[in-house]
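Colleague: Following this line is structure-v1.txt, made up of compact mmCIF, N, CA and C atoms and all ligand atoms:
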# COMPACT_ATOMS: atom_id res chain seq x y z
N MET A 1251 52.19 13.72 25.72
CA MET A 1251 53.60 14.11 25.61
C MET A 1251 53.70 15.63 25.50
N SER A 1252 54.57 16.21 26.28
CA SER A 1252 54.79 17.66 26.24
C SER A 1252 55.84 18.00 25.19
N CYS A 1253 55.93 19.29 24.86
CA CYS A 1253 56.96 19.72 23.92
C CYS A 1253 58.35 19.37 24.45
N LEU A 1254 58.54 19.53 25.75
CA LEU A 1254 59.84 19.23 26.33
C LEU A 1254 60.17 17.75 26.16
N ASP A 1255 59.20 16.88 26.45
CA ASP A 1255 59.41 15.44 26.28
C ASP A 1255 59.74 15.12 24.83
N CYS A 1256 58.98 15.74 23.93
CA CYS A 1256 59.16 15.48 22.50
C CYS A 1256 60.57 15.88 22.07
N ARG A 1257 60.99 17.07 22.46
CA ARG A 1257 62.30 17.57 22.02
C ARG A 1257 63.43 16.81 22.68
N THR A 1258 63.23 16.41 23.92
CA THR A 1258 64.25 15.61 24.59
C THR A 1258 64.44 14.29 23.85
N ALA A 1259 63.33 13.66 23.47
CA ALA A 1259 63.39 12.40 22.76
C ALA A 1259 64.03 12.57 21.38
N LEU A 1260 63.66 13.63 20.68
CA LEU A 1260 64.21 13.87 19.34
C LEU A 1260 65.70 14.16 19.41
N SER A 1261 66.07 14.93 20.40
CA SER A 1261 67.48 15.28 20.58
C SER A 1261 68.32 14.02 20.83
N ALA A 1262 67.79 13.15 21.69
CA ALA A 1262 68.48 11.90 21.98
C ALA A 1262 68.58 11.05 20.72
N GLU A 1263 67.49 11.01 19.96
CA GLU A 1263 67.45 10.23 18.73
C GLU A 1263 68.49 10.74 17.74
N LEU A 1264 68.59 12.05 17.60
CA LEU A 1264 69.56 12.64 16.69
C LEU A 1264 70.98 12.31 17.12
N ASP A 1265 71.18 12.20 18.43
CA ASP A 1265 72.50 11.87 18.95
C ASP A 1265 72.77 10.38 18.95
N GLY A 1266 71.81 9.60 18.49
CA GLY A 1266 71.98 8.16 18.45
C GLY A 1266 71.81 7.52 19.81
N GLU A 1267 71.10 8.21 20.71
CA GLU A 1267 70.85 7.68 22.04
C GLU A 1267 69.42 7.16 22.15
N GLU A 1268 69.14 6.49 23.26
CA GLU A 1268 67.80 6.02 23.51
C GLU A 1268 66.87 7.20 23.73
N PRO A 1269 65.80 7.33 22.93
CA PRO A 1269 64.89 8.47 23.09
C PRO A 1269 64.18 8.47 24.43
N GLY A 1270 63.95 7.31 25.00
CA GLY A 1270 63.27 7.24 26.28
C GLY A 1270 61.76 7.40 26.16
N HIS A 1271 61.26 7.57 24.93
CA HIS A 1271 59.83 7.68 24.70
C HIS A 1271 59.48 6.84 23.48
N SER A 1272 58.24 6.49 23.37
CA SER A 1272 57.79 5.77 22.20
C SER A 1272 57.96 6.62 20.95
N PRO A 1273 58.67 6.10 19.95
CA PRO A 1273 58.82 6.87 18.70
C PRO A 1273 57.48 7.27 18.11
N HIS A 1274 56.49 6.42 18.28
CA HIS A 1274 55.16 6.72 17.75
C HIS A 1274 54.58 7.95 18.44
N ALA A 1275 54.72 8.03 19.75
CA ALA A 1275 54.20 9.17 20.49
C ALA A 1275 54.90 10.45 20.06
N VAL A 1276 56.20 10.34 19.79
CA VAL A 1276 56.95 11.51 19.32
C VAL A 1276 56.43 11.96 17.97
N ARG A 1277 56.19 11.01 17.06
CA ARG A 1277 55.69 11.35 15.72
C ARG A 1277 54.30 12.00 15.80
N VAL A 1278 53.47 11.43 16.66
CA VAL A 1278 52.12 11.98 16.82
C VAL A 1278 52.21 13.42 17.31
N HIS A 1279 53.07 13.67 18.26
CA HIS A 1279 53.23 15.03 18.75
C HIS A 1279 53.73 15.95 17.64
N LEU A 1280 54.66 15.48 16.85
CA LEU A 1280 55.20 16.30 15.76
C LEU A 1280 54.11 16.69 14.77
N HIS A 1281 53.20 15.77 14.53
CA HIS A 1281 52.13 16.06 13.57
C HIS A 1281 51.15 17.10 14.11
N THR A 1282 51.09 17.21 15.42
CA THR A 1282 50.09 18.10 16.01
C THR A 1282 50.71 19.40 16.52
N CYS A 1283 52.04 19.50 16.50
CA CYS A 1283 52.69 20.66 17.09
C CYS A 1283 53.68 21.25 16.10
N GLU A 1284 53.33 22.37 15.49
CA GLU A 1284 54.21 22.94 14.48
C GLU A 1284 55.48 23.52 15.11
N HIS A 1285 55.41 23.87 16.39
CA HIS A 1285 56.60 24.41 17.05
C HIS A 1285 57.70 23.34 17.11
N CYS A 1286 57.31 22.14 17.45
CA CYS A 1286 58.30 21.07 17.54
C CYS A 1286 58.78 20.66 16.14
N GLY A 1287 57.90 20.78 15.14
CA GLY A 1287 58.32 20.51 13.77
C GLY A 1287 59.41 21.47 13.34
N THR A 1288 59.19 22.74 13.65
CA THR A 1288 60.18 23.76 13.32
C THR A 1288 61.48 23.50 14.09
N TRP A 1289 61.32 23.15 15.35
CA TRP A 1289 62.49 22.87 16.19
C TRP A 1289 63.29 21.71 15.62
N LEU A 1290 62.57 20.67 15.16
CA LEU A 1290 63.25 19.49 14.62
C LEU A 1290 64.02 19.85 13.35
N SER A 1291 63.43 20.66 12.49
CA SER A 1291 64.13 21.08 11.28
C SER A 1291 65.42 21.79 11.62
N ALA A 1292 65.35 22.69 12.58
CA ALA A 1292 66.53 23.43 12.99
C ALA A 1292 67.56 22.49 13.61
N ALA A 1293 67.09 21.58 14.44
CA ALA A 1293 68.00 20.65 15.10
C ALA A 1293 68.68 19.73 14.10
N ARG A 1294 67.93 19.28 13.11
CA ARG A 1294 68.50 18.41 12.07
C ARG A 1294 69.53 19.16 11.24
N GLY A 1295 69.21 20.42 10.90
CA GLY A 1295 70.15 21.22 10.13
C GLY A 1295 71.44 21.42 10.90
N LEU A 1296 71.30 21.70 12.19
CA LEU A 1296 72.48 21.90 13.02
C LEU A 1296 73.28 20.62 13.14
N GLN A 1297 72.55 19.50 13.32
CA GLN A 1297 73.26 18.24 13.48
C GLN A 1297 74.02 17.85 12.22
N ARG A 1298 73.39 18.14 11.06
CA ARG A 1298 74.06 17.81 9.80
C ARG A 1298 75.32 18.66 9.63
N LEU A 1299 75.20 19.91 10.03
CA LEU A 1299 76.35 20.80 9.94
C LEU A 1299 77.49 20.30 10.83
N VAL A 1300 77.14 19.97 12.06
CA VAL A 1300 78.14 19.46 12.99
C VAL A 1300 78.73 18.16 12.47
N GLY A 1301 77.84 17.32 11.91
CA GLY A 1301 78.29 16.04 11.38
C GLY A 1301 79.29 16.23 10.24
N GLU A 1302 79.03 17.23 9.40
CA GLU A 1302 79.93 17.49 8.28
C GLU A 1302 81.27 18.00 8.80
N LEU A 1303 81.22 18.81 9.85
CA LEU A 1303 82.46 19.38 10.38
C LEU A 1303 83.26 18.36 11.18
N MET A 1304 82.55 17.59 12.02
CA MET A 1304 83.22 16.72 12.98
C MET A 1304 83.23 15.25 12.58
N GLY A 1305 82.14 14.81 11.95
CA GLY A 1305 81.94 13.38 11.77
C GLY A 1305 82.69 12.80 10.60
N ALA A 1306 82.98 13.61 9.59
CA ALA A 1306 83.53 13.07 8.35
C ALA A 1306 84.80 12.28 8.59
N ARG A 1307 85.64 12.76 9.47
CA ARG A 1307 86.93 12.10 9.67
C ARG A 1307 86.80 10.73 10.34
N TYR A 1308 85.68 10.54 11.06
CA TYR A 1308 85.51 9.28 11.78
C TYR A 1308 84.82 8.22 10.94
N GLN A 1309 84.21 8.66 9.85
CA GLN A 1309 83.47 7.72 9.04
C GLN A 1309 84.35 7.26 7.89
N ASP A 1310 84.66 5.99 7.91
CA ASP A 1310 85.58 5.48 6.92
C ASP A 1310 84.84 4.88 5.74
N GLY A 1311 83.53 4.97 5.75
CA GLY A 1311 82.75 4.31 4.72
C GLY A 1311 82.25 5.25 3.65
N GLU A 1312 80.95 5.36 3.57
CA GLU A 1312 80.34 6.02 2.43
C GLU A 1312 80.55 7.54 2.41
N ASN A 1313 80.68 8.15 3.58
CA ASN A 1313 80.78 9.61 3.63
C ASN A 1313 82.23 10.06 3.80
N ARG A 1314 83.11 9.48 3.03
CA ARG A 1314 84.52 9.83 3.16
C ARG A 1314 84.76 11.28 2.74
N MET A 1315 85.65 11.92 3.44
CA MET A 1315 85.97 13.31 3.13
C MET A 1315 86.67 13.39 1.78
N PRO A 1316 86.28 14.36 0.96
CA PRO A 1316 86.95 14.50 -0.34
C PRO A 1316 88.46 14.71 -0.17
N ASP A 1317 89.23 14.21 -1.11
CA ASP A 1317 90.69 14.21 -0.98
C ASP A 1317 91.27 15.60 -0.77
N ARG A 1318 90.77 16.54 -1.55
CA ARG A 1318 91.39 17.85 -1.49
C ARG A 1318 91.18 18.50 -0.12
N ILE A 1319 90.03 18.23 0.49
CA ILE A 1319 89.80 18.77 1.84
C ILE A 1319 90.68 18.03 2.83
N GLY A 1320 90.80 16.72 2.64
CA GLY A 1320 91.63 15.91 3.54
C GLY A 1320 93.07 16.37 3.52
N GLN A 1321 93.58 16.67 2.34
CA GLN A 1321 94.96 17.13 2.23
C GLN A 1321 95.15 18.47 2.93
N GLY A 1322 94.16 19.34 2.73
CA GLY A 1322 94.24 20.63 3.37
C GLY A 1322 94.26 20.52 4.89
N ALA A 1323 93.42 19.62 5.41
CA ALA A 1323 93.32 19.47 6.86
C ALA A 1323 94.57 18.82 7.42
N ARG A 1324 95.20 17.95 6.63
CA ARG A 1324 96.36 17.22 7.12
C ARG A 1324 97.58 18.15 7.26
N GLY A 1325 97.72 19.04 6.27
CA GLY A 1325 98.90 19.88 6.28
C GLY A 1325 98.87 20.86 7.42
ZN ZN B 1 55.52 20.44 20.73
Translate the structure described by the file into structure tokens.
Modeller:
Amino acid sequence: MSCLDCRTALSAELDGEEPGHSPHAVRVHLHTCEHCGTWLSAARGLQRLVGELMGARYQDGENRMPDRIGQGARG
């Protein structure tokens, strides 16, 4: 597996899409390639940030937006 394959699979996984590669192969690559490990950390941080900004309003369950923020956004 190349770095490109690994990152493509991880990116798809983060987006909730089919990685298109064996998760095991991706993990093995991550253990052997610190560049992709660093990339994954950055990608996860970015995804969490985007999720907090965009996703909160769509999730009606456990990650509900705090009331005071919701009121601010509504007005
Ligand atoms: Zn790599």
Colleague: Any chance you could tabulate, as a Markdown table, the residues of chain A at most 5 Å from ligand ZN 1 (chain B) with each one's nearest atom pair and distance in Å to one decimal, using only N, CA and C atoms and all ligand atoms, in chain and rising number order?
Modeller:
| residue | atom | partner | partner_atom | distance |
| --- | --- | --- | --- | --- |
| A:Cys1253 | CA | B:ZN1 | ZN | 3.6 |
| A:Cys1283 | CA | B:ZN1 | ZN | 4.6 |
| A:Cys1286 | N | B:ZN1 | ZN | 4.1 |
Colleague: Could you please determine the separation between atom N of Leu1280 in chain A and CA of Arg1257 in chain A in Å, to one decimal place?
Modeller: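 That distance, rounded to one decimal, is 9.5 Å.
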Colleague: For a test of reading the model, state the distance in Å between CA of His1281 in chain A and CA of Val1300 in chain A, rounded to one decimal.
Modeller: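 Going from CA of His1281 in chain A over to CA of Val1300 in chain A, I get 26.2 Å.
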Colleague: I'd like the box whose edges run along x, y and z of the file and which contains every listed atom of range 1278-1282 of chain A, padded by 8 Å per side; could you state its centre and edge lengths in Å, one decimal, as JSON?
Modeller:
{"center_x": 52.6, "center_y": 15.4, "center_z": 16.2, "size_x": 21.1, "size_y": 24.0, "size_z": 21.2}
Colleague: How far is it from CA of Met1251 in chain A to CA of His1279 in chain A, in Å with one decimal?
Modeller: 6.9 Å
Colleague: Which one is closest to Pro1273 in chain A: A:Trp1289, A:Arg1294, A:Gly1301, A:Leu1260? Count only C-alpha atoms.
Modeller: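 Of all the options, A:Leu1260 lies closest to Pro1273 in chain A.
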